[in-house]
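Structure file my_file38.pdb (PDB, C-alpha atoms and all ligand atoms) is printed below.
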```pdb
MODEL        1
ATOM      1  CA  MET A1455       0.000   0.000   0.000  1.00  0.00           C
ATOM      2  CA  PRO A1456       1.279   3.508  -0.738  1.00  0.00           C
ATOM      3  CA  LYS A1457       2.213   5.360   2.457  1.00  0.00           C
ATOM      4  CA  ASN A1458       0.003   8.297   3.437  1.00  0.00           C
ATOM      5  CA  ARG A1459      -2.936   7.273   1.352  1.00  0.00           C
ATOM      6  CA  MET A1460      -5.349  10.163   0.748  1.00  0.00           C
ATOM      7  CA  ALA A1461      -8.270  10.051   3.195  1.00  0.00           C
ATOM      8  CA  VAL A1462     -11.621  10.199   1.417  1.00  0.00           C
ATOM      9  CA  ALA A1463     -15.126  10.805   2.777  1.00  0.00           C
ATOM     10  CA  VAL A1464     -17.926   9.406   0.622  1.00  0.00           C
ATOM     11  CA  LEU A1465     -21.411  10.922   0.885  1.00  0.00           C
ATOM     12  CA  ALA A1466     -24.200   8.643  -0.343  1.00  0.00           C
ATOM     13  CA  SER A1467     -27.980   8.490   0.031  1.00  0.00           C
ATOM     14  CA  GLY A1468     -28.972   5.232  -1.611  1.00  0.00           C
ATOM     15  CA  ARG A1469     -27.944   2.027  -3.320  1.00  0.00           C
ATOM     16  CA  GLY A1470     -24.205   2.637  -3.140  1.00  0.00           C
ATOM     17  CA  SER A1471     -22.924   1.111  -6.404  1.00  0.00           C
ATOM     18  CA  ASN A1472     -20.424   3.911  -6.862  1.00  0.00           C
ATOM     19  CA  LEU A1473     -19.407   3.672  -3.219  1.00  0.00           C
ATOM     20  CA  GLN A1474     -18.824  -0.055  -3.750  1.00  0.00           C
ATOM     21  CA  ALA A1475     -16.635   0.675  -6.768  1.00  0.00           C
ATOM     22  CA  LEU A1476     -14.530   3.001  -4.611  1.00  0.00           C
ATOM     23  CA  ILE A1477     -14.374   0.454  -1.779  1.00  0.00           C
ATOM     24  CA  ASP A1478     -13.213  -2.221  -4.233  1.00  0.00           C
ATOM     25  CA  ALA A1479     -10.636   0.115  -5.807  1.00  0.00           C
ATOM     26  CA  CYS A1480      -9.167   0.838  -2.369  1.00  0.00           C
ATOM     27  CA  ASP A1481      -8.392  -2.879  -2.033  1.00  0.00           C
ATOM     28  CA  ALA A1482      -5.732  -2.600  -4.748  1.00  0.00           C
ATOM     29  CA  PRO A1483      -2.297  -2.403  -3.117  1.00  0.00           C
ATOM     30  CA  ASP A1484      -1.257   0.567  -5.253  1.00  0.00           C
ATOM     31  CA  PHE A1485      -4.458   2.606  -4.826  1.00  0.00           C
ATOM     32  CA  PRO A1486      -3.482   6.009  -3.419  1.00  0.00           C
ATOM     33  CA  ALA A1487      -6.642   6.593  -1.369  1.00  0.00           C
ATOM     34  CA  ARG A1488      -8.576   5.050   1.514  1.00  0.00           C
ATOM     35  CA  ILE A1489     -12.161   5.660   2.589  1.00  0.00           C
ATOM     36  CA  ALA A1490     -12.093   7.190   6.056  1.00  0.00           C
ATOM     37  CA  LEU A1491     -15.846   7.804   6.341  1.00  0.00           C
ATOM     38  CA  VAL A1492     -19.122   6.976   4.639  1.00  0.00           C
ATOM     39  CA  LEU A1493     -21.739   9.548   5.532  1.00  0.00           C
ATOM     40  CA  THR A1494     -25.411   9.311   4.654  1.00  0.00           C
ATOM     41  CA  ASN A1495     -28.441  11.493   5.222  1.00  0.00           C
ATOM     42  CA  VAL A1496     -30.761   8.464   4.873  1.00  0.00           C
ATOM     43  CA  PRO A1497     -31.020   6.080   7.836  1.00  0.00           C
ATOM     44  CA  GLY A1498     -30.941   2.520   6.516  1.00  0.00           C
ATOM     45  CA  ALA A1499     -29.456   3.430   3.121  1.00  0.00           C
ATOM     46  CA  ASN A1500     -27.926   0.441   1.379  1.00  0.00           C
ATOM     47  CA  ALA A1501     -24.659   2.368   1.118  1.00  0.00           C
ATOM     48  CA  LEU A1502     -24.351   2.069   4.915  1.00  0.00           C
ATOM     49  CA  ALA A1503     -24.498  -1.718   4.774  1.00  0.00           C
ATOM     50  CA  ARG A1504     -21.785  -1.748   2.117  1.00  0.00           C
ATOM     51  CA  ALA A1505     -19.544   0.454   4.285  1.00  0.00           C
ATOM     52  CA  GLU A1506     -20.149  -1.642   7.388  1.00  0.00           C
ATOM     53  CA  GLN A1507     -19.394  -4.803   5.440  1.00  0.00           C
ATOM     54  CA  ALA A1508     -16.054  -3.276   4.449  1.00  0.00           C
ATOM     55  CA  GLY A1509     -15.303  -2.142   8.010  1.00  0.00           C
ATOM     56  CA  ILE A1510     -15.440   1.564   7.127  1.00  0.00           C
ATOM     57  CA  PRO A1511     -16.588   4.090   9.775  1.00  0.00           C
ATOM     58  CA  THR A1512     -20.079   5.423   9.042  1.00  0.00           C
ATOM     59  CA  ALA A1513     -22.166   8.406  10.046  1.00  0.00           C
ATOM     60  CA  VAL A1514     -25.902   8.974   9.662  1.00  0.00           C
ATOM     61  CA  ILE A1515     -26.806  12.642   9.630  1.00  0.00           C
ATOM     62  CA  ASP A1516     -30.512  12.816   8.885  1.00  0.00           C
ATOM     63  CA  HIS A1517     -31.313  16.182   7.290  1.00  0.00           C
ATOM     64  CA  ARG A1518     -34.890  15.990   8.631  1.00  0.00           C
ATOM     65  CA  ARG A1519     -33.591  16.418  12.160  1.00  0.00           C
ATOM     66  CA  PHE A1520     -32.109  19.842  11.476  1.00  0.00           C
ATOM     67  CA  PRO A1521     -33.933  23.187  11.448  1.00  0.00           C
ATOM     68  CA  SER A1522     -32.124  24.436   8.330  1.00  0.00           C
ATOM     69  CA  ARG A1523     -29.926  23.322   5.454  1.00  0.00           C
ATOM     70  CA  GLU A1524     -27.068  25.297   7.012  1.00  0.00           C
ATOM     71  CA  ALA A1525     -27.377  23.470  10.348  1.00  0.00           C
ATOM     72  CA  PHE A1526     -27.465  20.114   8.549  1.00  0.00           C
ATOM     73  CA  GLU A1527     -24.372  21.006   6.542  1.00  0.00           C
ATOM     74  CA  ALA A1528     -22.537  22.305   9.631  1.00  0.00           C
ATOM     75  CA  ALA A1529     -23.035  18.880  11.243  1.00  0.00           C
ATOM     76  CA  MET A1530     -21.741  17.157   8.108  1.00  0.00           C
ATOM     77  CA  ARG A1531     -18.723  19.455   7.890  1.00  0.00           C
ATOM     78  CA  GLU A1532     -17.803  18.812  11.500  1.00  0.00           C
ATOM     79  CA  ARG A1533     -18.020  15.044  11.010  1.00  0.00           C
ATOM     80  CA  ILE A1534     -16.057  15.079   7.741  1.00  0.00           C
ATOM     81  CA  ASN A1535     -13.335  17.317   9.155  1.00  0.00           C
ATOM     82  CA  LYS A1536     -12.964  15.027  12.168  1.00  0.00           C
ATOM     83  CA  THR A1537     -11.824  12.246   9.830  1.00  0.00           C
ATOM     84  CA  GLY A1538      -9.169  14.461   8.239  1.00  0.00           C
ATOM     85  CA  ALA A1539     -10.663  13.832   4.788  1.00  0.00           C
ATOM     86  CA  GLU A1540      -8.655  15.424   2.011  1.00  0.00           C
ATOM     87  CA  LEU A1541     -11.282  14.629  -0.627  1.00  0.00           C
ATOM     88  CA  VAL A1542     -15.066  14.390  -0.432  1.00  0.00           C
ATOM     89  CA  CYS A1543     -16.823  12.204  -3.013  1.00  0.00           C
ATOM     90  CA  LEU A1544     -20.524  12.589  -3.651  1.00  0.00           C
ATOM     91  CA  ALA A1545     -21.839   9.197  -4.747  1.00  0.00           C
ATOM     92  CA  GLY A1546     -25.574   9.457  -5.235  1.00  0.00           C
ATOM     93  CA  PHE A1547     -25.923  12.031  -2.445  1.00  0.00           C
ATOM     94  CA  MET A1548     -29.433  13.365  -2.928  1.00  0.00           C
ATOM     95  CA  ARG A1549     -29.308  16.714  -1.091  1.00  0.00           C
ATOM     96  CA  LEU A1550     -28.481  19.998  -2.789  1.00  0.00           C
ATOM     97  CA  LEU A1551     -25.446  21.615  -1.177  1.00  0.00           C
ATOM     98  CA  THR A1552     -25.233  25.321  -0.401  1.00  0.00           C
ATOM     99  CA  PRO A1553     -22.453  27.507  -1.844  1.00  0.00           C
ATOM    100  CA  GLY A1554     -21.104  27.713   1.724  1.00  0.00           C
ATOM    101  CA  PHE A1555     -20.582  23.949   1.930  1.00  0.00           C
ATOM    102  CA  VAL A1556     -19.062  23.846  -1.564  1.00  0.00           C
ATOM    103  CA  ALA A1557     -16.665  26.678  -0.682  1.00  0.00           C
ATOM    104  CA  ALA A1558     -15.604  24.904   2.517  1.00  0.00           C
ATOM    105  CA  PHE A1559     -14.340  21.991   0.387  1.00  0.00           C
ATOM    106  CA  SER A1560     -13.148  24.080  -2.523  1.00  0.00           C
ATOM    107  CA  ASP A1561     -11.305  21.876  -5.081  1.00  0.00           C
ATOM    108  CA  ARG A1562     -11.704  18.904  -2.704  1.00  0.00           C
ATOM    109  CA  LEU A1563     -15.301  17.971  -3.565  1.00  0.00           C
ATOM    110  CA  ILE A1564     -16.201  15.782  -6.555  1.00  0.00           C
ATOM    111  CA  ASN A1565     -19.430  14.291  -7.867  1.00  0.00           C
ATOM    112  CA  ILE A1566     -20.544  11.685 -10.370  1.00  0.00           C
ATOM    113  CA  HIS A1567     -23.510  12.502 -12.574  1.00  0.00           C
ATOM    114  CA  PRO A1568     -25.168  10.039 -14.978  1.00  0.00           C
ATOM    115  CA  SER A1569     -25.049  12.171 -18.136  1.00  0.00           C
ATOM    116  CA  LEU A1570     -22.527  13.807 -20.409  1.00  0.00           C
ATOM    117  CA  LEU A1571     -22.520  17.182 -18.669  1.00  0.00           C
ATOM    118  CA  PRO A1572     -23.252  19.964 -19.412  1.00  0.00           C
ATOM    119  CA  ALA A1573     -26.127  18.095 -21.079  1.00  0.00           C
ATOM    120  CA  PHE A1574     -28.901  16.829 -18.817  1.00  0.00           C
ATOM    121  CA  PRO A1575     -28.040  18.155 -15.363  1.00  0.00           C
ATOM    122  CA  GLY A1576     -30.579  17.510 -12.597  1.00  0.00           C
ATOM    123  CA  LEU A1577     -32.945  14.623 -11.945  1.00  0.00           C
ATOM    124  CA  ARG A1578     -34.761  12.020 -14.112  1.00  0.00           C
ATOM    125  CA  VAL A1579     -31.781  12.097 -16.458  1.00  0.00           C
ATOM    126  CA  HIS A1580     -32.249   8.885 -18.453  1.00  0.00           C
ATOM    127  CA  GLY A1581     -35.919   9.510 -19.257  1.00  0.00           C
ATOM    128  CA  ARG A1582     -35.064  12.986 -20.495  1.00  0.00           C
ATOM    129  CA  VAL A1583     -32.201  11.618 -22.620  1.00  0.00           C
ATOM    130  CA  LEU A1584     -34.582   9.121 -24.270  1.00  0.00           C
ATOM    131  CA  GLU A1585     -37.208  11.816 -24.907  1.00  0.00           C
ATOM    132  CA  SER A1586     -34.576  14.046 -26.502  1.00  0.00           C
ATOM    133  CA  GLY A1587     -33.624  11.452 -29.121  1.00  0.00           C
ATOM    134  CA  ALA A1588     -29.921  11.840 -28.285  1.00  0.00           C
ATOM    135  CA  ARG A1589     -27.813   8.958 -29.619  1.00  0.00           C
ATOM    136  CA  PHE A1590     -25.234   9.194 -26.834  1.00  0.00           C
ATOM    137  CA  THR A1591     -25.389   9.802 -23.142  1.00  0.00           C
ATOM    138  CA  GLY A1592     -22.826   8.873 -20.514  1.00  0.00           C
ATOM    139  CA  CYS A1593     -21.484   9.914 -17.173  1.00  0.00           C
ATOM    140  CA  THR A1594     -19.261  12.644 -15.795  1.00  0.00           C
ATOM    141  CA  VAL A1595     -17.007  12.990 -12.767  1.00  0.00           C
ATOM    142  CA  HIS A1596     -16.542  16.677 -11.988  1.00  0.00           C
ATOM    143  CA  PHE A1597     -15.398  19.038  -9.289  1.00  0.00           C
ATOM    144  CA  VAL A1598     -18.432  20.534  -7.581  1.00  0.00           C
ATOM    145  CA  SER A1599     -19.187  24.219  -8.040  1.00  0.00           C
ATOM    146  CA  ALA A1600     -21.959  26.295  -6.490  1.00  0.00           C
ATOM    147  CA  GLU A1601     -24.172  25.552  -9.514  1.00  0.00           C
ATOM    148  CA  THR A1602     -25.765  22.070  -9.435  1.00  0.00           C
ATOM    149  CA  ASP A1603     -24.186  19.433 -11.735  1.00  0.00           C
ATOM    150  CA  ALA A1604     -21.593  21.874 -13.027  1.00  0.00           C
ATOM    151  CA  GLY A1605     -17.908  22.424 -12.381  1.00  0.00           C
ATOM    152  CA  PRO A1606     -14.590  21.390 -13.951  1.00  0.00           C
ATOM    153  CA  ILE A1607     -14.798  17.968 -15.594  1.00  0.00           C
ATOM    154  CA  LEU A1608     -12.313  15.244 -14.659  1.00  0.00           C
ATOM    155  CA  ILE A1609     -13.424  12.297 -16.792  1.00  0.00           C
ATOM    156  CA  GLN A1610     -16.395  11.280 -18.903  1.00  0.00           C
ATOM    157  CA  ALA A1611     -17.626   8.081 -20.521  1.00  0.00           C
ATOM    158  CA  ALA A1612     -19.768   8.249 -23.663  1.00  0.00           C
ATOM    159  CA  VAL A1613     -22.448   5.559 -23.678  1.00  0.00           C
ATOM    160  CA  PRO A1614     -24.643   4.775 -26.710  1.00  0.00           C
ATOM    161  CA  VAL A1615     -28.414   4.862 -26.532  1.00  0.00           C
ATOM    162  CA  HIS A1616     -29.886   1.689 -28.056  1.00  0.00           C
ATOM    163  CA  PRO A1617     -33.215   1.378 -29.886  1.00  0.00           C
ATOM    164  CA  GLY A1618     -35.811   0.104 -27.447  1.00  0.00           C
ATOM    165  CA  ASP A1619     -33.946   1.378 -24.387  1.00  0.00           C
ATOM    166  CA  THR A1620     -36.014   2.218 -21.346  1.00  0.00           C
ATOM    167  CA  ALA A1621     -34.816   4.548 -18.614  1.00  0.00           C
ATOM    168  CA  GLU A1622     -33.901   1.405 -16.662  1.00  0.00           C
ATOM    169  CA  THR A1623     -31.847  -0.304 -19.381  1.00  0.00           C
ATOM    170  CA  LEU A1624     -30.079   2.940 -20.178  1.00  0.00           C
ATOM    171  CA  ALA A1625     -29.353   3.621 -16.495  1.00  0.00           C
ATOM    172  CA  ALA A1626     -27.856   0.146 -16.161  1.00  0.00           C
ATOM    173  CA  ARG A1627     -25.603   0.666 -19.206  1.00  0.00           C
ATOM    174  CA  VAL A1628     -24.465   4.060 -17.893  1.00  0.00           C
ATOM    175  CA  LEU A1629     -23.815   2.624 -14.424  1.00  0.00           C
ATOM    176  CA  GLU A1630     -21.349   0.117 -15.915  1.00  0.00           C
ATOM    177  CA  SER A1631     -19.256   3.112 -16.949  1.00  0.00           C
ATOM    178  CA  GLU A1632     -19.826   5.069 -13.733  1.00  0.00           C
ATOM    179  CA  VAL A1633     -18.189   2.381 -11.645  1.00  0.00           C
ATOM    180  CA  ARG A1634     -15.159   2.444 -13.941  1.00  0.00           C
ATOM    181  CA  VAL A1635     -14.582   6.192 -14.153  1.00  0.00           C
ATOM    182  CA  TYR A1636     -15.168   7.203 -10.515  1.00  0.00           C
ATOM    183  CA  PRO A1637     -12.295   5.158  -9.046  1.00  0.00           C
ATOM    184  CA  GLN A1638     -10.075   6.330 -11.907  1.00  0.00           C
ATOM    185  CA  ALA A1639     -10.754   9.978 -11.062  1.00  0.00           C
ATOM    186  CA  VAL A1640     -10.000   9.380  -7.376  1.00  0.00           C
ATOM    187  CA  ARG A1641      -6.799   7.570  -8.309  1.00  0.00           C
ATOM    188  CA  TRP A1642      -5.567  10.515 -10.388  1.00  0.00           C
ATOM    189  CA  ILE A1643      -6.332  12.967  -7.582  1.00  0.00           C
ATOM    190  CA  GLY A1644      -4.629  10.719  -5.032  1.00  0.00           C
ATOM    191  CA  GLU A1645      -1.583  10.479  -7.242  1.00  0.00           C
ATOM    192  CA  GLY A1646      -1.368  14.274  -7.292  1.00  0.00           C
ATOM    193  CA  ARG A1647      -1.743  14.443 -11.054  1.00  0.00           C
ATOM    194  CA  VAL A1648      -4.754  16.780 -11.226  1.00  0.00           C
ATOM    195  CA  ARG A1649      -4.783  20.578 -11.540  1.00  0.00           C
ATOM    196  CA  ILE A1650      -7.766  22.847 -12.068  1.00  0.00           C
ATOM    197  CA  ASN A1651      -7.100  25.596 -14.575  1.00  0.00           C
ATOM    198  CA  GLY A1652     -10.240  27.739 -14.691  1.00  0.00           C
ATOM    199  CA  ALA A1653     -12.994  25.546 -16.140  1.00  0.00           C
ATOM    200  CA  VAL A1654     -10.517  22.962 -17.365  1.00  0.00           C
ATOM    201  CA  VAL A1655      -8.987  20.062 -15.456  1.00  0.00           C
ATOM    202  CA  GLU A1656      -5.453  19.113 -16.442  1.00  0.00           C
ATOM    203  CA  ILE A1657      -4.281  15.582 -15.665  1.00  0.00           C
ATOM    204  CA  ASP A1658      -0.625  14.659 -16.009  1.00  0.00           C
ATOM    205  CA  GLY A1659       0.290  11.789 -18.289  1.00  0.00           C
ATOM    206  CA  VAL A1660      -3.136  10.840 -19.649  1.00  0.00           C
ATOM    207  CA  ALA A1661      -4.054  10.097 -23.265  1.00  0.00           C
ATOM    208  CA  ALA A1662      -7.270  10.818 -25.192  1.00  0.00           C
ATOM    209  CA  PRO A1663      -8.911   8.366 -27.593  1.00  0.00           C
ATOM    210  CA  VAL A1664      -8.289   9.014 -31.275  1.00  0.00           C
ATOM    211  CA  ALA A1665     -11.383   7.500 -32.877  1.00  0.00           C
ATOM    212  CA  ALA A1666     -14.848   9.042 -32.891  1.00  0.00           C
ATOM    213  CA  LEU A1667     -17.769   6.955 -31.690  1.00  0.00           C
ATOM    214  CA  ILE A1668     -20.665   6.974 -34.168  1.00  0.00           C
ATOM    215  CA  ASN A1669     -24.171   5.792 -33.321  1.00  0.00           C
ATOM    216  CA  PRO A1670     -25.927   4.172 -35.172  1.00  0.00           C
ATOM    217  CA  LEU A1671     -22.950   2.423 -36.748  1.00  0.00           C
ATOM    218  CA  PRO A1672     -22.393   3.690 -40.288  1.00  0.00           C
ATOM    219  CA  GLU A1673     -23.356   1.209 -43.049  1.00  0.00           C
ATOM    220  CA  ALA A1674     -19.690   0.624 -43.914  1.00  0.00           C
ATOM    221  CA  ALA A1675     -19.099  -0.870 -40.492  1.00  0.00           C
ATOM    222  CA  THR A1676     -21.896  -3.411 -40.884  1.00  0.00           C
ATOM    223  CA  ALA A1677     -21.726  -3.915 -44.686  1.00  0.00           C
ATOM    224  CA  GLY A1678     -19.282  -6.797 -44.406  1.00  0.00           C
ATOM    225  CA  VAL A1679     -21.586  -8.553 -42.035  1.00  0.00           C
ATOM    226  CA  ARG A1680     -24.654  -8.066 -44.220  1.00  0.00           C
ATOM    227  CA  ARG A1681     -22.794  -9.232 -47.376  1.00  0.00           C
ATOM    228  CA  GLN A1682     -22.160 -12.653 -45.832  1.00  0.00           C
ATOM    229  CA  PRO A1683     -24.031 -15.191 -47.992  1.00  0.00           C
ATOM    230  CA  THR A1684     -26.677 -17.144 -46.186  1.00  0.00           C
ATOM    231  CA  ILE A1685     -25.646 -20.786 -46.154  1.00  0.00           C
ATOM    232  CA  SER A1686     -28.484 -23.200 -45.888  1.00  0.00           C
ATOM    233  CA  ILE A1687     -28.179 -26.404 -43.905  1.00  0.00           C
ATOM    234  CA  SER A1688     -28.275 -28.575 -47.038  1.00  0.00           C
ATOM    235  CA  GLU A1689     -25.411 -26.633 -48.677  1.00  0.00           C
ATOM    236  CA  LYS A1690     -23.252 -27.104 -45.595  1.00  0.00           C
ATOM    237  CA  LYS A1691     -23.390 -30.878 -45.838  1.00  0.00           C
TER     238      LYS A1691
HETATM  239  C1  LIG B1701     -25.659   7.253  -9.873  1.00  0.00           C
HETATM  240  O1  LIG B1701     -26.297   7.097 -11.109  1.00  0.00           O
HETATM  241  C2  LIG B1701     -24.925   8.564  -9.805  1.00  0.00           C
HETATM  242  O2  LIG B1701     -24.410   8.957 -11.036  1.00  0.00           O
HETATM  243  C3  LIG B1701     -25.994   9.525  -9.371  1.00  0.00           C
HETATM  244  O3  LIG B1701     -26.777   8.802  -8.458  1.00  0.00           O
HETATM  245  C4  LIG B1701     -26.687   7.416  -8.748  1.00  0.00           C
HETATM  246  C5  LIG B1701     -26.235   6.740  -7.496  1.00  0.00           C
HETATM  247  O4  LIG B1701     -26.241   5.338  -7.605  1.00  0.00           O
HETATM  248  N1  LIG B1701     -25.427  10.735  -8.853  1.00  0.00           N
HETATM  249  P1  LIG B1701     -25.475   4.483  -6.530  1.00  0.00           P
HETATM  250  O5  LIG B1701     -25.973   4.888  -5.174  1.00  0.00           O
HETATM  251  O6  LIG B1701     -24.001   4.722  -6.688  1.00  0.00           O
HETATM  252  O7  LIG B1701     -25.835   3.049  -6.845  1.00  0.00           O
ENDMDL
END
```

Do you think you could lay out the structure here as structure tokens?
Ligand code: GRF
Amino acid sequence: MPKNRMAVAVLASGRGSNLQALIDACDAPDFPARIALVLTNVPGANALARAEQAGIPTAVIDHRRFPSREAFEAAMRERINKTGAELVCLAGFMRLLTPGFVAAFSDRLINIHPSLLPAFPGLRVHGRVLESGARFTGCTVHFVSAETDAGPILIQAAVPVHPGDTAETLAARVLESEVRVYPQAVRWIGEGRVRINGAVVEIDGVAAPVAALINPLPEAATAGVRRQPTISISEKK
């Protein structure tokens, strides 16, 4: 294990697939981060069970027990700071955060959103993608800014929309990419390779893909397949 692994606090409200991906990534001997706290605002959230299973300290801070958003956030800040977290990861955390909270973790707060931002910020993403007729969607890991689902982008995955997709099938396809890109983003930050330059994130030593993705596949890509003669059973004999 690298010495002085970066302490991370993960904030989650629900199922915890992205949390699980981070937990699993932390098992790798060369992963430069460790999860010091899983915090939820939802008592009984599945994310809590995943954290407990992995032996990670947890905190339940139920927003309904606080008189204001500010009081709720003050309690979260105190708990996060107690762990010495250097990075805070939102992983399906379903409360809007005030500019005050965002500023308190300036450049140390990241989120994963299930669309190719800046397209489709907000809720009910996959249904809106399908209604729009877009051929691609995806997911985005970004630094959090005061505006919801905005802020400098670390990594994205482009995911094709398939004919006949429902919000559920599309969400499942996007999630397969989410659980790949979130640990990668945390790794780069932990390795000290990430700088924010205005709206742009610079990452040392990374490469970009060369080829464009096209959806639907152009005819040329499938022509060879369709030109295959059909061989009947009797001919094969
Ligand atoms: C993910 O789709 C994430 O992008 C969004 O909320 C969902 C959380 O899912 N912010 P899970 O809790 O990680 O399973």

Per-residue nearest contacts region 1490-1513 of chain A to region 1474-1485 of chain A, cut-off 10 Å, using all atoms listed in the file, as CSV:
```
residue,atom,partner,partner_atom,distance
A:Ala1501,CA,A:Gln1474,CA,8.0
A:Arg1504,CA,A:Gln1474,CA,6.8
A:Ala1505,CA,A:Ile1477,CA,8.0
A:Ala1508,CA,A:Ile1477,CA,7.5
A:Ile1510,CA,A:Ile1477,CA,9.0
```

As a list in words, please: the residues near Ile1607 (chain A) (cut-off 12 Å, only C-alpha atoms, same-chain neighbours under 6 positions excluded).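 The neighbour list is Asp1561, Ile1564, Asn1565, Ile1566, His1567, Leu1570, Leu1571, Pro1572, Cys1593, Thr1594, Val1595, His1596, Phe1597, Val1598, Ser1599, Val1635, Tyr1636, Ala1639, Val1648, Arg1649, Ile1650, Asn1651, Gly1652, Ala1653, Val1654, Val1655, Glu1656 and Ile1657 of chain A.
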
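Among the candidates A:Val1628, A:Ala1539, A:Val1615, A:Val1640, the one nearest to ligand LIG 1701 (chain B) when counting only C-alpha atoms and all ligand atoms is A:Val1628.
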
Sorted per-residue table, chain A near ligand LIG 1701 (chain B), closest atoms and distance, 10 Å, all atoms listed in the file, as CSV:
```
residue,atom,partner,partner_atom,distance
A:Leu1465,CA,B:LIG1701,O5,9.7
A:Ala1466,CA,B:LIG1701,O5,6.4
A:Ser1467,CA,B:LIG1701,O5,6.6
A:Gly1468,CA,B:LIG1701,O5,4.7
A:Arg1469,CA,B:LIG1701,O5,3.9
A:Gly1470,CA,B:LIG1701,O5,3.5
A:Ser1471,CA,B:LIG1701,O7,3.5
A:Asn1472,CA,B:LIG1701,O6,3.7
A:Leu1473,CA,B:LIG1701,O6,5.9
A:Gln1474,CA,B:LIG1701,O6,7.6
A:Ala1475,CA,B:LIG1701,O6,8.4
A:Leu1476,CA,B:LIG1701,O6,9.8
A:Ala1499,CA,B:LIG1701,O5,9.1
A:Asn1500,CA,B:LIG1701,O5,8.2
A:Ala1501,CA,B:LIG1701,O5,6.9
A:Leu1544,CA,B:LIG1701,N1,7.4
A:Ala1545,CA,B:LIG1701,O6,5.3
A:Gly1546,CA,B:LIG1701,O3,3.5
A:Phe1547,CA,B:LIG1701,N1,6.6
A:Met1548,CA,B:LIG1701,N1,7.6
A:Asn1565,CA,B:LIG1701,N1,7.0
A:Ile1566,CA,B:LIG1701,O2,4.8
A:His1567,CA,B:LIG1701,O2,4.0
A:Pro1568,CA,B:LIG1701,O2,4.2
A:Ser1569,CA,B:LIG1701,O2,7.8
A:Gly1576,CA,B:LIG1701,N1,9.3
A:Leu1577,CA,B:LIG1701,C3,9.0
A:Val1579,CA,B:LIG1701,O1,9.1
A:His1580,CA,B:LIG1701,O1,9.6
A:Gly1592,CA,B:LIG1701,O2,9.6
A:Cys1593,CA,B:LIG1701,O2,6.9
A:Thr1594,CA,B:LIG1701,O2,7.9
A:Val1595,CA,B:LIG1701,O2,8.6
A:Asp1603,CA,B:LIG1701,N1,9.2
A:Ala1625,CA,B:LIG1701,O1,7.1
A:Ala1626,CA,B:LIG1701,O1,8.7
A:Val1628,CA,B:LIG1701,O1,7.7
A:Leu1629,CA,B:LIG1701,O1,6.1
A:Glu1630,CA,B:LIG1701,O1,9.8
A:Ser1631,CA,B:LIG1701,O2,9.8
A:Glu1632,CA,B:LIG1701,O2,6.6
A:Val1633,CA,B:LIG1701,O6,8.0
A:Tyr1636,CA,B:LIG1701,O2,9.4
```

re CA of Arg1627 (chain A) and CA of Val1583 (chain A): distance 13.2 Å

If the PyMOL selection byres (((chain A and resi 1533) around 12) and not hetatm) were run on this exact file, what residues would it hold? Put them as an MDAnalysis selection string. chainID A and resid 1463:1465 1490:1494 1511:1515 1526:1532 1534:1539 1542

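Taking CA of Ala1621 (chain A) and CA of Ile1668 (chain A) as endpoints, the distance between them is 21.2 Å.
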
Under the rule that all atoms listed in the file are counted, which of A:Gly1554, A:Gly1581, A:Pro1663, A:Pro1521 is the nearest residue to Glu1601 (chain A)?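 So, comparing all the options, the nearest one is A:Gly1554.
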
Determine the nearest neighbour of Val1496 (chain A) from the options A:Pro1672, A:Met1460, A:Met1455, A:Arg1549, counting only C-alpha atoms. A:Arg1549

For the atom pair CA of Pro1553 (chain A) and CA of Ala1600 (chain A), what is the interatomic distance in Å to one decimal place?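 Interatomic distance here is 4.8 Å.
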